[in-house]
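Below: coords_9.cif (mmCIF, C-alpha atoms)
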data_data
#
loop_
_atom_site.label_atom_id
_atom_site.label_comp_id
_atom_site.auth_asym_id
_atom_site.auth_seq_id
_atom_site.Cartn_x
_atom_site.Cartn_y
_atom_site.Cartn_z
CA LEU I 1 294.15 332.54 11.01
CA MET I 2 292.46 332.59 7.61
CA SER I 3 289.31 334.30 6.37
CA PRO I 4 287.01 333.29 3.49
CA SER I 5 287.18 335.22 0.23
CA HIS I 6 286.27 334.67 -3.41
CA ALA I 7 287.03 335.75 -6.95
CA LYS I 8 284.98 335.69 -10.13
CA LYS I 9 286.05 334.78 -13.65
CA LYS I 10 283.26 335.15 -16.17
CA THR I 11 280.40 333.09 -14.70
CA ARG I 12 282.51 330.97 -12.36
CA ARG I 13 283.03 331.79 -8.68
CA TYR I 14 286.24 330.64 -7.01
CA ARG I 15 286.32 330.39 -3.22
CA TYR I 16 289.53 330.99 -1.22
CA TYR I 17 290.78 331.35 2.31
CA VAL I 18 293.28 334.18 2.81
CA SER I 19 295.71 334.45 5.71
CA ARG I 20 296.17 337.66 7.65
CA PRO I 21 299.37 339.65 7.01
CA PRO I 22 301.87 340.00 9.88
CA ASP I 23 301.02 342.74 12.37
CA ASP I 24 304.40 344.39 11.89
CA GLY I 25 303.95 344.55 8.11
CA VAL I 26 307.39 343.02 7.49
CA GLY I 27 307.38 340.61 4.57
CA ALA I 28 303.61 340.92 4.23
CA ALA I 29 303.54 340.11 0.53
CA ASN I 30 305.42 336.86 1.01
CA ASP I 31 303.70 335.78 4.21
CA VAL I 32 300.09 336.09 3.02
CA TRP I 33 298.66 332.81 1.71
CA ARG I 34 295.66 332.45 -0.57
CA VAL I 35 294.47 328.85 -0.50
CA PRO I 36 291.64 327.39 -2.62
CA ALA I 37 288.68 326.60 -0.34
CA ILE I 38 288.59 323.02 -1.60
CA GLU I 39 292.12 322.47 -0.24
CA ILE I 40 291.12 323.62 3.25
CA GLU I 41 287.93 321.56 3.18
CA ARG I 42 289.78 318.44 2.05
CA ALA I 43 292.26 318.85 4.89
CA VAL I 44 289.38 319.16 7.36
CA PHE I 45 287.70 316.02 6.00
CA GLU I 46 290.97 314.11 6.16
CA ALA I 47 291.56 315.17 9.76
CA LEU I 48 288.02 314.14 10.69
CA ALA I 49 288.46 310.80 8.93
CA GLU I 50 291.71 310.21 10.81
CA PHE I 51 289.89 310.87 14.08
CA LEU I 52 286.75 308.83 13.34
CA GLY I 53 288.76 305.87 12.08
CA ASN I 54 290.69 305.60 15.36
CA GLN I 55 288.46 303.79 17.87
CA VAL I 56 290.63 304.68 20.86
CA ARG I 57 290.44 308.39 20.05
CA VAL I 58 286.70 308.22 19.45
CA VAL I 59 286.09 306.56 22.83
CA ASN I 60 288.46 308.85 24.74
CA GLU I 61 287.72 312.21 23.16
CA LEU I 62 283.95 311.72 22.98
CA SER I 63 283.90 310.30 26.55
CA LEU I 64 282.22 307.05 25.52
CA ASP I 65 283.79 304.81 28.16
CA GLY I 66 280.65 305.05 30.33
CA ILE I 67 277.99 304.10 27.78
CA ALA I 68 276.42 300.66 27.42
CA PRO I 69 278.53 298.09 25.51
CA GLY I 70 275.71 297.50 23.03
CA GLU I 71 275.55 301.19 22.13
CA LEU I 72 279.32 301.38 21.81
CA LYS I 73 279.31 298.32 19.56
CA SER I 74 277.04 300.12 17.10
CA LEU I 75 278.68 303.55 17.36
CA LEU I 76 282.24 302.51 16.51
CA PRO I 77 281.43 300.81 13.18
CA ALA I 78 279.26 303.80 12.26
CA ALA I 79 282.21 306.13 12.98
CA SER I 80 284.51 303.96 10.88
CA SER I 81 282.02 303.96 8.01
CA LEU I 82 281.73 307.75 8.17
CA ALA I 83 285.53 308.04 8.16
CA LYS I 84 285.68 306.05 4.92
CA ARG I 85 283.04 308.24 3.29
CA LEU I 86 284.98 311.37 4.19
CA LEU I 87 288.31 309.92 3.13
CA TRP I 88 287.36 308.42 -0.21
CA ARG I 89 284.84 310.95 -1.48
CA ASN I 90 285.15 312.03 -5.11
CA ASP I 91 284.99 315.72 -4.28
CA ALA I 92 285.10 317.81 -1.12
CA ASP I 93 281.50 318.95 -1.67
CA ASP I 94 280.33 315.31 -1.54
CA ALA I 95 281.11 315.16 2.18
CA GLY I 96 279.40 318.38 3.20
CA ALA I 97 276.14 316.75 4.27
CA ASP I 98 278.04 314.43 6.63
CA VAL I 99 279.69 317.13 8.76
CA GLY I 100 276.85 319.26 10.08
CA TRP I 101 278.14 318.46 13.57
CA VAL I 102 281.31 320.52 13.00
CA ARG I 103 280.98 323.82 14.87
CA ARG I 104 284.18 325.69 14.04
CA VAL I 105 287.50 325.24 12.25
CA GLU I 106 290.64 327.21 13.04
CA ILE I 107 293.74 327.02 10.88
CA GLY I 108 297.15 327.87 12.24
CA SER I 109 300.55 327.74 10.59
CA THR I 110 301.21 324.19 11.83
CA ASP I 111 297.91 322.83 13.17
CA LEU I 112 294.25 322.49 12.27
CA PHE I 113 291.75 322.75 15.15
CA ILE I 114 288.23 321.40 14.70
CA GLN I 115 285.48 321.99 17.24
CA ILE I 116 282.84 319.25 17.21
CA ASP I 117 279.31 319.28 18.61
CA ARG I 118 279.63 315.99 20.48
CA ASP I 119 275.93 315.29 20.92
CA ALA I 120 275.16 316.17 17.30
CA LEU I 121 277.87 313.77 16.12
CA LEU I 122 276.54 310.96 18.33
CA GLN I 123 273.03 311.59 17.05
CA PHE I 124 274.32 311.50 13.48
CA LEU I 125 276.05 308.15 14.11
CA SER I 126 273.26 306.47 16.07
CA GLY I 127 270.06 308.41 15.48
CA ARG I 128 269.87 309.38 19.15
CA ASN I 129 272.08 310.68 21.95
CA PRO I 130 273.28 307.71 24.07
CA THR I 131 275.00 309.82 26.76
CA PRO I 132 273.69 311.75 29.80
CA GLU I 133 272.73 315.39 29.23
CA SER I 134 275.26 316.48 31.86
CA GLU I 135 278.18 315.45 29.64
CA PRO I 136 280.06 318.23 27.81
CA THR I 137 278.65 318.83 24.36
CA SER I 138 281.73 320.26 22.67
CA VAL I 139 285.12 318.69 21.97
CA GLU I 140 288.11 319.88 19.98
CA ILE I 141 290.43 317.75 17.91
CA ALA I 142 293.73 318.89 16.45
CA ALA I 143 295.74 317.69 13.47
CA PRO I 144 299.19 318.78 12.32
CA ILE I 145 299.16 320.30 8.84
CA GLY I 146 301.64 321.71 6.37
CA PHE I 147 301.36 324.26 3.58
CA ARG I 148 303.22 323.63 0.35
CA ARG I 149 303.45 325.85 -2.70
CA ARG I 150 303.18 324.05 -6.03
CA GLY I 151 303.66 326.65 -8.72
CA VAL I 152 300.95 329.25 -8.17
CA GLU I 153 298.85 326.77 -6.20
CA THR I 154 298.97 326.20 -2.44
CA LYS I 155 298.34 322.71 -1.07
CA VAL I 156 297.25 321.93 2.48
CA LEU I 157 298.43 318.57 3.82
CA VAL I 158 297.37 316.70 6.93
CA THR I 159 300.75 315.45 8.13
CA ASP I 160 302.31 313.13 10.67
CA GLY I 161 303.60 316.05 12.73
CA GLY I 162 306.96 316.04 11.01
CA GLY I 163 305.72 317.69 7.85
CA GLN I 164 305.23 314.47 5.89
CA GLN I 165 301.97 313.80 4.08
CA ARG I 166 300.33 310.68 5.49
CA ARG I 167 297.34 309.81 3.26
CA PRO I 168 297.37 307.96 -0.05
CA ASP I 169 295.92 309.93 -2.96
CA PRO I 170 293.26 307.64 -4.54
CA THR I 171 293.24 309.63 -7.80
CA LEU I 172 297.00 309.33 -8.19
CA ILE I 173 296.93 305.62 -7.31
CA ALA I 174 294.20 304.99 -9.89
CA LEU I 175 296.25 306.86 -12.49
CA VAL I 176 299.36 304.77 -11.79
CA ALA I 177 297.26 301.59 -12.03
CA GLN I 178 295.87 302.75 -15.39
CA ALA I 179 299.40 303.51 -16.57
CA HIS I 180 300.54 299.96 -15.74
CA ARG I 181 297.59 298.46 -17.63
CA TRP I 182 298.32 300.54 -20.71
CA ALA I 183 302.06 299.91 -20.51
CA GLU I 184 301.37 296.17 -20.35
CA GLU I 185 299.27 296.41 -23.52
CA LEU I 186 302.25 297.98 -25.30
CA ARG I 187 304.70 295.40 -23.93
CA SER I 188 302.47 292.48 -24.87
CA GLY I 189 301.83 293.75 -28.40
CA ARG I 190 298.07 294.17 -27.94
CA ALA I 191 298.74 297.76 -28.99
CA ASN I 192 301.79 298.68 -31.05
CA THR I 193 301.82 302.46 -30.65
CA VAL I 194 300.50 305.10 -28.28
CA LYS I 195 298.21 306.30 -31.07
CA GLU I 196 296.77 302.81 -31.47
CA LEU I 197 296.36 302.51 -27.71
CA ALA I 198 294.51 305.83 -27.56
CA GLU I 199 292.18 304.84 -30.40
CA ARG I 200 291.51 301.49 -28.77
CA HIS I 201 290.36 303.15 -25.54
CA GLY I 202 288.77 306.26 -27.06
CA ALA I 203 291.25 308.49 -25.23
CA ASP I 204 293.30 311.52 -26.21
CA LYS I 205 296.74 310.57 -27.56
CA GLY I 206 298.51 313.21 -25.46
CA ASP I 207 296.77 312.04 -22.27
CA VAL I 208 297.68 308.43 -22.97
CA SER I 209 301.31 309.36 -23.68
CA ARG I 210 301.63 311.26 -20.38
CA THR I 211 299.85 308.53 -18.41
CA VAL I 212 301.81 305.60 -19.83
CA ALA I 213 305.03 307.18 -18.59
CA LEU I 214 303.83 306.54 -15.01
CA GLY I 215 303.90 302.82 -15.78
CA PHE I 216 307.70 302.97 -15.73
CA LEU I 217 308.20 304.65 -12.36
CA ALA I 218 310.80 303.11 -10.08
CA PRO I 219 309.33 300.62 -7.55
CA ASP I 220 310.29 302.79 -4.57
CA ILE I 221 308.35 305.73 -6.03
CA VAL I 222 305.29 303.54 -6.61
CA ALA I 223 305.58 302.24 -3.02
CA ALA I 224 305.70 305.85 -1.73
CA ILE I 225 302.55 306.69 -3.72
CA LEU I 226 300.70 303.67 -2.33
CA ASP I 227 301.76 304.62 1.22
CA GLY I 228 300.85 308.30 0.79
CA ARG I 229 304.49 309.37 1.16
CA GLN I 230 304.84 311.02 -2.26
CA PRO I 231 306.00 314.67 -2.32
CA VAL I 232 303.27 317.23 -2.91
CA GLU I 233 304.95 318.21 -6.19
CA LEU I 234 304.11 314.76 -7.59
CA THR I 235 300.65 315.08 -9.14
#
With the file now loaded, output its structure as structure tokens.
Amino acid sequence: LMSPSHAKKKTRRYRYYVSRPPDDGVGAANDVWRVPAIEIERAVFEALAEFLGNQVRVVNELSLDGIAPGELKSLLPAASSLAKRLLWRNDADDAGADVGWVRRVEIGSTDLFIQIDRDALLQFLSGRNPTPESEPTSVEIAAPIGFRRRGVETKVLVTDGGGQQRRPDPTLIALVAQAHRWAEELRSGRANTVKELAERHGADKGDVSRTVALGFLAPDIVAAILDGRQPVELT
């Protein structure tokens, strides 16, 4: 399990979650993980999006098989829309207002457990509770996760259960697309040098040089990026 912590550097406050050391004290220094809070929160939002975007899971785990067809017809698109907001947000903080129905999150070494206030979620999706009061109000969903060290940084990945990342990175995809556009300008002669390309787009020459290189990635690497199968080290 992990506990919240923070550090300060000048006027900035950095939030972290820190794992507990082993009870026996063996290998404590190597086994303690300090993960940026934004990484944990992103993993939670991704797991929630995976759940909300799966209509079968939503019906089964929220016990919706007994509600009126008309109510179900409005709930499922609302769940799908919420899943997209969580998945394609620009920053983890952007999704905070959408998850007030999350009661508790537990993080293990291989799984993420999220306890949901069922009635609060249904109210959020529909504006009212469409189920009988006798129904259970709390459900728990689980998602396999993996921890990966990248230099001094720790990444948290929602995985397919076999340790493989399973969500495309929209920022990385956008960067590769930009690289292909700039590389095409160089190939076509619309820009003759990286310096000229940078001036044309009002960008830093060093940034353009690093980005353009992504326009020459092998097709199988590009396909992996589009499918969300890229290694965590690829940023």
Separation of atom CA of I:Ala224 from atom CA of I:Val56 in Å: 27.2 Å
When you count only C-alpha atoms, which of these residues is closest to I:Arg104: I:Ser5, I:Gln55, I:Thr211, I:Ser138?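 Counting only C-alpha atoms, the residue closest to I:Arg104 is I:Ser138.
For the set I:Ala43, I:Pro36, I:Ala78, I:Pro170, the residue with the smallest atom-to-atom gap to I:Ile225 is I:Pro170, counting all atoms listed in the file.
The coordinates place atom CA of I:Ser109 at 12.7 Å from atom CA of I:Val35.
Applied to the file shown here, the PyMOL selection byres ((chain I and resi 102) around 7) selects the residues Val99, Gly100, Trp101, Arg103, Arg104, Gln115, Ile116 and Asp117 of chain I.
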Could you work out how far atom CA of I:Phe45 lies from atom CA of I:Phe113, giving the answer in Å with one decimal? 12.1 Å
Measuring between only C-alpha atoms, which one of I:Ser80, I:Thr137, I:Val194, I:Glu106 shows the shortest distance to I:Asp207?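 Using only C-alpha atoms, I:Asp207 sits closest to I:Val194.
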The PyMOL selection byres ((chain I and resi 40) around 9) on the file shown: which residues, as a list in words? Tyr16, Tyr17, Val35, Pro36, Ala37, Ile38, Glu39, Glu41, Arg42, Ala43, Val44, Phe45, Ile107, Lys155, Val156 and Leu157 of chain I
Need the shell around I:Gln178: protein/DNA/RNA residues with any atom at most 9 Å away, counting all atoms listed in the file. Skip same-chain ones fewer than 6 positions apart. Format as a list of chain:residue names? I:Thr211, I:Val212, I:Leu214, I:Gly215
I:Leu172, I:Ala49, I:Val139, I:Leu112 ranked by distance to I:Arg229, top pick (using all atoms listed in the file): I:Leu172
Listed atoms of stretch 110-124 of chain I boxed axis-aligned with 4 Å per side, centre + edges as lines of an AutoDock Vina configuration file:
center_x = 287.1
center_y = 317.6
center_z = 16.4
size_x = 36.2
size_y = 21.2
size_z = 17.1
Name the residues that the PyMOL selection byres ((chain I and resi 213) around 10) picks from the file above, as a PyMOL selection string, using the file's chain letters and numbers. chain I and resi 176+179-180+182-183+208-212+214-217
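When only C-alpha atoms are used to compute distances to I:Ala7, the closest of the residues I:Asp169, I:Pro77, I:Arg34, I:Pro144 turns out to be I:Arg34.
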I'd like to know which of I:Trp88, I:Lys8, I:Pro168, I:Ala174 is closest to I:Gln230, using all atoms listed in the file.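 Of I:Trp88, I:Lys8, I:Pro168, I:Ala174, the one nearest I:Gln230 is I:Pro168, counting all atoms listed in the file.
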